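Student: Quick one: structure below, then a few questions.
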Amino acid sequence: MHDVSNEHHERAILVGIELGSEVGIGSDESLEELKSLTESAGAEVAATVRQRLKAPDPRTFIGKGKAAEVHQLAQDKGANVAIFDDALSPAQARNLENELKLRVIDRSQLILDIFAQRARTLEGKLQVEIAQLSYLQPRLTRQWSHLSRVRGGGAGGGGVGTRGPGETQLEVDRRRLRERLTRLRARLREVERTRAIQRRRRLEAPYPTVALVGYTNSGKSTLMNALTDAGVETANRPFSTLDPTIRRLKLPGKMNVMLVDTVGFIHRLPHMLIDAFKATLEEVRTATMLLHVVDASSPLAPERMAIVDQVLEEIGAGAVPRLIVMNKADLLGDAPRRAGAHDSISISAKNSDGLDELLAAIARQLTGSREEISVTFPAGRGDLLAMARRDGEVLSEEYTDGLVSMRARVSAPVAGRLRKAAVESPQNHGSTIA
C-alpha cells in the first residue's frame, strides 16, 4: 500500500459528499477532520471539494460534473492525489482514477497509512500490516488489470499467451497475499499469547487496571504523562499513540493501579483496524475501570463521546465502569457540559489542574469495589501481609500457634490471591463486599 508520509511533495484535493441525512458529525466537521488526518500523514491540502447528493454515484461516488471539476482543480493547484472522506468500493476507486487522472485514496486507506507510520512495537506493526492487506485483498484486480488488456483478446480469448499472463499474475499475487496474511496472523497469535501471559501476570501483580480511552487527540497521552511521567509522545495530531503504554500509579489511600494509555478512536474507524487491534483493545476490555477522556473545548464533544461509547460496545467493553474526564478545561470560558450517565470531573492535563481531584475520584470509584476479607495463613508469609498493606487497608491481625489471622479491605484481585494462599481454619470466615 502506498504510504503518503514518504512524499513531502504530495498535494491533495479532499473530496466529501453531503447526503442531507447526517446524524452526529456532519460533512463539514468530517472534512475538517480529514484535513487534520491528511496533514498528519505528511501531505499538504491544496483544496477541498464538497457535493450535496441524494445518494453516492455507484460508478464514481461523485457526479460526472463534479469529477471534471476535481480534475481541473487538481491541474490548477498542482495536486497529485484525491482523498475521499468516505469508503470507496474497488470499482469506484478504479473509475475515479481513470477519470481524475490522479491517485485516489479513501478515508480508510489514509488512516491505515497513518497507523503504518506510528506503529512501534512488533505487535502494532503486525496488526497494521494485517489491516492493510485485508483492505488490499478485494482491490488486487486494480494492480494487474492493465496486463490482461495488453493484447485485447475479446470473446475469442485471443489464443495462448494473450489474456493468460494477466490472469496468471493476478492469481500469483492473490496467492502471495493470502499466504502473507496467513503467516502474519500466525505470528500475531504468538505475540498475543505472550501478551496474554503478561496480562495474566499483571492481574496477579495484583493491581487494578485503569485504561485511558477517548476520541483521538483528546489529550490521553498528555494526561498519562502528567500523572506518571511516562514520557509518552504527545502531539496535536490524530493517532500519535498507537501501542499501549502501561505505568504504575499511586492513588490516595495507598492504593496502586496500573494506568494504560490506548489508541484513540475516530469517526468511521475502518473495521479491519478494529479487528486487527482487538488484542491491543483487550487492555480496555479487561480493565477494572475506564477513564473516558473528552476534549471539553470541542463543539463536537457530545458526538465524539457517542462514537467512543459505540466502539466500546463493539469491542465488548460497554459494561466496564467508567469516569468521564472533561479535559482541556483551560480552553473553556464557562463550565464544561455534564457527562450524563457517568460521573464526570473537569481537568486540564496540560496545566495539571484538577489532577488531585481526579486521583481522589478514581480512588473513590475503586474503593467501592473493594472487599473485606478475613483469612488465616502461616506467620512466615509476611509477603501476603505486605501485599494487603500495599493494596488496601489491614483492619486487624492476630498471631497464634504460628498462624496469623488477618482482616483487611482489599481489591478483588488481591482478595483472590489471599484466599488462595489461606489455610483452612475456623477463623477463616470468608468475605463480605465492603
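Going through the C-alpha cells in order, the chains are called A, B, and so on, while each chain numbers its residues from 1 and the ligands are numbered from 1 in the order shown.
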Select from stretch 244-352 of chain A every residue with an atom at most 12 Å from any atom of stretch 84-106 of chain A, then for each give the shortest pair of atoms and their distance in Å to one decimal, using only C-alpha atoms, rows by chain and rising number, as a tab-separated table.

Tutor:
```
residue	atom	partner	partner_atom	distance
A:His267	CA	A:Asp86	CA	10.7
A:Arg268	CA	A:Asp86	CA	8.3
A:Leu269	CA	A:Ala87	CA	10.5
A:Pro270	CA	A:Ala87	CA	8.7
A:His271	CA	A:Ala87	CA	11.0
```

Student: Export all heavy atoms of the chosen residues as a PDB file, in the first residue's frame?

Tutor:
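selection.pdb, freshly written:
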```pdb
ATOM      1  N   HIS A 267     -14.178   8.836  14.221  1.00  0.00           N
ATOM      2  CA  HIS A 267     -15.369   8.722  13.372  1.00  0.00           C
ATOM      3  C   HIS A 267     -15.001   7.892  12.135  1.00  0.00           C
ATOM      4  O   HIS A 267     -13.993   8.149  11.494  1.00  0.00           O
ATOM      5  CB  HIS A 267     -15.729  10.177  13.051  1.00  0.00           C
ATOM      6  CG  HIS A 267     -16.573  10.436  11.873  1.00  0.00           C
ATOM      7  ND1 HIS A 267     -17.824   9.932  11.730  1.00  0.00           N
ATOM      8  CD2 HIS A 267     -16.346  11.216  10.779  1.00  0.00           C
ATOM      9  CE1 HIS A 267     -18.339  10.388  10.607  1.00  0.00           C
ATOM     10  NE2 HIS A 267     -17.463  11.167  10.013  1.00  0.00           N
ATOM     11  N   ARG A 268     -15.798   6.856  11.847  1.00  0.00           N
ATOM     12  CA  ARG A 268     -15.546   5.950  10.710  1.00  0.00           C
ATOM     13  C   ARG A 268     -14.175   5.288  10.789  1.00  0.00           C
ATOM     14  O   ARG A 268     -13.413   5.291   9.824  1.00  0.00           O
ATOM     15  CB  ARG A 268     -15.669   6.681   9.367  1.00  0.00           C
ATOM     16  CG  ARG A 268     -17.035   7.267   9.097  1.00  0.00           C
ATOM     17  CD  ARG A 268     -17.062   7.816   7.673  1.00  0.00           C
ATOM     18  NE  ARG A 268     -18.156   8.762   7.520  1.00  0.00           N
ATOM     19  CZ  ARG A 268     -18.087   9.852   6.781  1.00  0.00           C
ATOM     20  NH1 ARG A 268     -16.988  10.166   6.153  1.00  0.00           N
ATOM     21  NH2 ARG A 268     -19.132  10.652   6.668  1.00  0.00           N
ATOM     22  N   LEU A 269     -13.850   4.741  11.948  1.00  0.00           N
ATOM     23  CA  LEU A 269     -12.604   3.966  12.088  1.00  0.00           C
ATOM     24  C   LEU A 269     -12.773   2.699  11.261  1.00  0.00           C
ATOM     25  O   LEU A 269     -13.761   1.982  11.419  1.00  0.00           O
ATOM     26  CB  LEU A 269     -12.391   3.599  13.565  1.00  0.00           C
ATOM     27  CG  LEU A 269     -11.059   2.978  13.959  1.00  0.00           C
ATOM     28  CD1 LEU A 269      -9.908   3.952  13.758  1.00  0.00           C
ATOM     29  CD2 LEU A 269     -11.074   2.521  15.407  1.00  0.00           C
ATOM     30  N   PRO A 270     -11.840   2.403  10.323  1.00  0.00           N
ATOM     31  CA  PRO A 270     -12.017   1.228   9.458  1.00  0.00           C
ATOM     32  C   PRO A 270     -12.184  -0.059  10.261  1.00  0.00           C
ATOM     33  O   PRO A 270     -11.464  -0.291  11.234  1.00  0.00           O
ATOM     34  CB  PRO A 270     -10.707   1.184   8.651  1.00  0.00           C
ATOM     35  CG  PRO A 270     -10.157   2.558   8.725  1.00  0.00           C
ATOM     36  CD  PRO A 270     -10.596   3.123  10.038  1.00  0.00           C
ATOM     37  N   HIS A 271     -13.157  -0.882   9.848  1.00  0.00           N
ATOM     38  CA  HIS A 271     -13.452  -2.109  10.600  1.00  0.00           C
ATOM     39  C   HIS A 271     -12.284  -3.073  10.670  1.00  0.00           C
ATOM     40  O   HIS A 271     -12.070  -3.738  11.664  1.00  0.00           O
ATOM     41  CB  HIS A 271     -14.689  -2.808  10.031  1.00  0.00           C
ATOM     42  CG  HIS A 271     -15.909  -2.420  10.781  1.00  0.00           C
ATOM     43  ND1 HIS A 271     -16.333  -3.068  11.908  1.00  0.00           N
ATOM     44  CD2 HIS A 271     -16.760  -1.379  10.612  1.00  0.00           C
ATOM     45  CE1 HIS A 271     -17.399  -2.469  12.395  1.00  0.00           C
ATOM     46  NE2 HIS A 271     -17.681  -1.431  11.621  1.00  0.00           N
TER      47      HIS A 271
END
```

Student: Determine, using only C-alpha atoms, which residues of stretch 240-331 of chain A have any atom at most 10 Å from an atom of stretch 378-395 of chain A, and tabulate each with its shortest atom pair and distance in Å to one decimal place, rows ordered by chain and then rising number, as a tab-separated table.

Tutor:
```
residue	atom	partner	partner_atom	distance
A:Gly253	CA	A:Gly392	CA	7.5
A:Lys254	CA	A:Arg390	CA	6.5
A:Met255	CA	A:Asp391	CA	5.2
A:Asn256	CA	A:Asp391	CA	6.3
A:Val257	CA	A:Asp391	CA	8.9
```

Student: Okay, now the selection with N, CA, C and O atoms, as a PDB file, in the first residue's frame?

Tutor:
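Once everything was written out, this is part15.pdb:
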```
ATOM      1  N   GLY A 253      -4.669   7.083  49.700  1.00  0.00           N
ATOM      2  CA  GLY A 253      -5.083   5.911  50.481  1.00  0.00           C
ATOM      3  C   GLY A 253      -4.261   4.690  50.146  1.00  0.00           C
ATOM      4  O   GLY A 253      -4.727   3.561  50.221  1.00  0.00           O
ATOM      5  N   LYS A 254      -3.015   4.908  49.709  1.00  0.00           N
ATOM      6  CA  LYS A 254      -2.025   3.837  49.494  1.00  0.00           C
ATOM      7  C   LYS A 254      -2.407   2.823  48.413  1.00  0.00           C
ATOM      8  O   LYS A 254      -1.879   1.731  48.357  1.00  0.00           O
ATOM      9  N   MET A 255      -3.368   3.165  47.574  1.00  0.00           N
ATOM     10  CA  MET A 255      -3.769   2.205  46.536  1.00  0.00           C
ATOM     11  C   MET A 255      -2.905   2.396  45.290  1.00  0.00           C
ATOM     12  O   MET A 255      -2.628   3.512  44.880  1.00  0.00           O
ATOM     13  N   ASN A 256      -2.444   1.276  44.719  1.00  0.00           N
ATOM     14  CA  ASN A 256      -1.700   1.323  43.456  1.00  0.00           C
ATOM     15  C   ASN A 256      -2.586   0.810  42.327  1.00  0.00           C
ATOM     16  O   ASN A 256      -3.349  -0.144  42.522  1.00  0.00           O
ATOM     17  N   VAL A 257      -2.459   1.419  41.160  1.00  0.00           N
ATOM     18  CA  VAL A 257      -3.166   0.915  39.978  1.00  0.00           C
ATOM     19  C   VAL A 257      -2.199   0.896  38.798  1.00  0.00           C
ATOM     20  O   VAL A 257      -1.180   1.582  38.814  1.00  0.00           O
TER      21      VAL A 257
END
```

Student: Taking the DSSP assignment computed from this structure's backbone, write out as a PyMOL selection string all residues of stretch 258-420 of chain A that belong to strand (DSSP E or B).

Tutor: chain A and resi 258-261+265+289-295+322-327+344-346+348+353+371-378+393-400+403-410

Student: My list of candidates is A:Gln127, A:Ser348, A:Ser374, A:Ser108. Which is closest to A:Glu398 when distances are computed with only C-alpha atoms?

Tutor: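 Nearest to A:Glu398: A:Ser374.
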
Student: From the set A:Val308, A:Val70, A:Leu331, A:Leu291, which residue has the shortest atom-to-atom contact distance to A:Ala46, counting only C-alpha atoms?

Tutor: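 Under the stated criterion, the closest residue is A:Val70.
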
Student: When you look at A:Asp229 with a cut-off of 10 Å (counting only C-alpha atoms), what residues show up, excluding the ones that are within fewer than 6 positions of it in the same chain? I need them as a PyMOL selection string.

Tutor: chain A and resi 222-223+247+249

Student: Please write the residues from the selection above to a file, keeping all heavy atoms, as a PDB file, in the first residue's frame.

Tutor:
```pdb
ATOM      1  N   THR A 222      -1.189  13.193  27.120  1.00  0.00           N
ATOM      2  CA  THR A 222      -0.787  14.311  27.983  1.00  0.00           C
ATOM      3  C   THR A 222      -1.169  14.006  29.425  1.00  0.00           C
ATOM      4  O   THR A 222      -0.397  14.251  30.357  1.00  0.00           O
ATOM      5  CB  THR A 222      -1.471  15.622  27.512  1.00  0.00           C
ATOM      6  OG1 THR A 222      -1.175  15.808  26.126  1.00  0.00           O
ATOM      7  CG2 THR A 222      -0.984  16.823  28.299  1.00  0.00           C
ATOM      8  N   LEU A 223      -2.377  13.435  29.615  1.00  0.00           N
ATOM      9  CA  LEU A 223      -2.834  13.075  30.959  1.00  0.00           C
ATOM     10  C   LEU A 223      -1.963  11.961  31.542  1.00  0.00           C
ATOM     11  O   LEU A 223      -1.556  12.008  32.705  1.00  0.00           O
ATOM     12  CB  LEU A 223      -4.307  12.644  30.909  1.00  0.00           C
ATOM     13  CG  LEU A 223      -4.923  12.194  32.239  1.00  0.00           C
ATOM     14  CD1 LEU A 223      -4.819  13.289  33.293  1.00  0.00           C
ATOM     15  CD2 LEU A 223      -6.377  11.771  32.054  1.00  0.00           C
ATOM     16  N   ARG A 247       1.887   2.044  33.016  1.00  0.00           N
ATOM     17  CA  ARG A 247       2.693   2.570  34.122  1.00  0.00           C
ATOM     18  C   ARG A 247       1.956   2.385  35.440  1.00  0.00           C
ATOM     19  O   ARG A 247       0.721   2.360  35.471  1.00  0.00           O
ATOM     20  CB  ARG A 247       2.954   4.081  33.931  1.00  0.00           C
ATOM     21  CG  ARG A 247       3.859   4.440  32.770  1.00  0.00           C
ATOM     22  CD  ARG A 247       5.317   4.079  33.039  1.00  0.00           C
ATOM     23  NE  ARG A 247       6.178   4.445  31.924  1.00  0.00           N
ATOM     24  CZ  ARG A 247       6.408   3.678  30.866  1.00  0.00           C
ATOM     25  NH1 ARG A 247       5.822   2.498  30.776  1.00  0.00           N
ATOM     26  NH2 ARG A 247       7.219   4.081  29.907  1.00  0.00           N
ATOM     27  N   LEU A 249       0.620   3.699  39.002  1.00  0.00           N
ATOM     28  CA  LEU A 249       0.169   4.995  39.520  1.00  0.00           C
ATOM     29  C   LEU A 249      -0.285   4.812  40.957  1.00  0.00           C
ATOM     30  O   LEU A 249      -1.034   3.882  41.270  1.00  0.00           O
ATOM     31  CB  LEU A 249      -0.995   5.501  38.656  1.00  0.00           C
ATOM     32  CG  LEU A 249      -1.723   6.769  39.112  1.00  0.00           C
ATOM     33  CD1 LEU A 249      -0.793   7.979  39.060  1.00  0.00           C
ATOM     34  CD2 LEU A 249      -2.948   7.026  38.229  1.00  0.00           C
TER      35      LEU A 249
END
```

Student: Hey, what's within 10 Å of A:Ala415 if we count only C-alpha atoms and toss same-chain stuff fewer than 2 positions away? As a list in words, please?

Tutor: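 Counting only C-alpha atoms, the residues come to Pro206, Arg370, Glu371, Glu372, Ile373, Ser374, Val375, Ala388, Asp391, Ala408, Arg409, Val410, Ser411, Ala412, Pro413, Arg417, Leu418, Arg419, Lys420 and Ser431 of chain A.
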
Student: Let me see the file: selected residues, C-alpha atoms, as a CSV table (one decimal), in the first residue's frame.

Tutor:
```csv
chain,number,residue,atom,x,y,z
A,206,PRO,CA,-2.1,-7.5,41.7
A,370,ARG,CA,-13.2,-3.4,47.5
A,371,GLU,CA,-13.8,-6.5,49.6
A,372,GLU,CA,-13.5,-7.0,53.3
A,373,ILE,CA,-11.8,-10.4,53.8
A,374,SER,CA,-10.8,-12.5,56.8
A,375,VAL,CA,-8.0,-15.0,56.1
A,388,ALA,CA,-2.6,-6.4,51.7
A,391,ASP,CA,-3.0,-2.7,48.1
A,408,ALA,CA,-8.4,-6.5,55.5
A,409,ARG,CA,-10.2,-4.4,52.9
A,410,VAL,CA,-8.5,-5.0,49.5
A,411,SER,CA,-9.2,-5.1,45.8
A,412,ALA,CA,-10.8,-8.2,44.2
A,413,PRO,CA,-7.6,-9.5,42.6
A,417,ARG,CA,-4.7,-14.3,45.9
A,418,LEU,CA,-5.1,-14.1,49.7
A,419,ARG,CA,-7.9,-16.7,49.7
A,420,LYS,CA,-5.8,-19.0,47.5
A,431,SER,CA,-15.6,-12.3,53.0
```

Student: Find, counting only C-alpha atoms, the residue in A:Gly42, A:Asp353, A:Asp28, A:Met289 that gets nearest to A:Lys328.

Tutor: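 Using only C-alpha atoms, A:Lys328 sits closest to A:Asp353.
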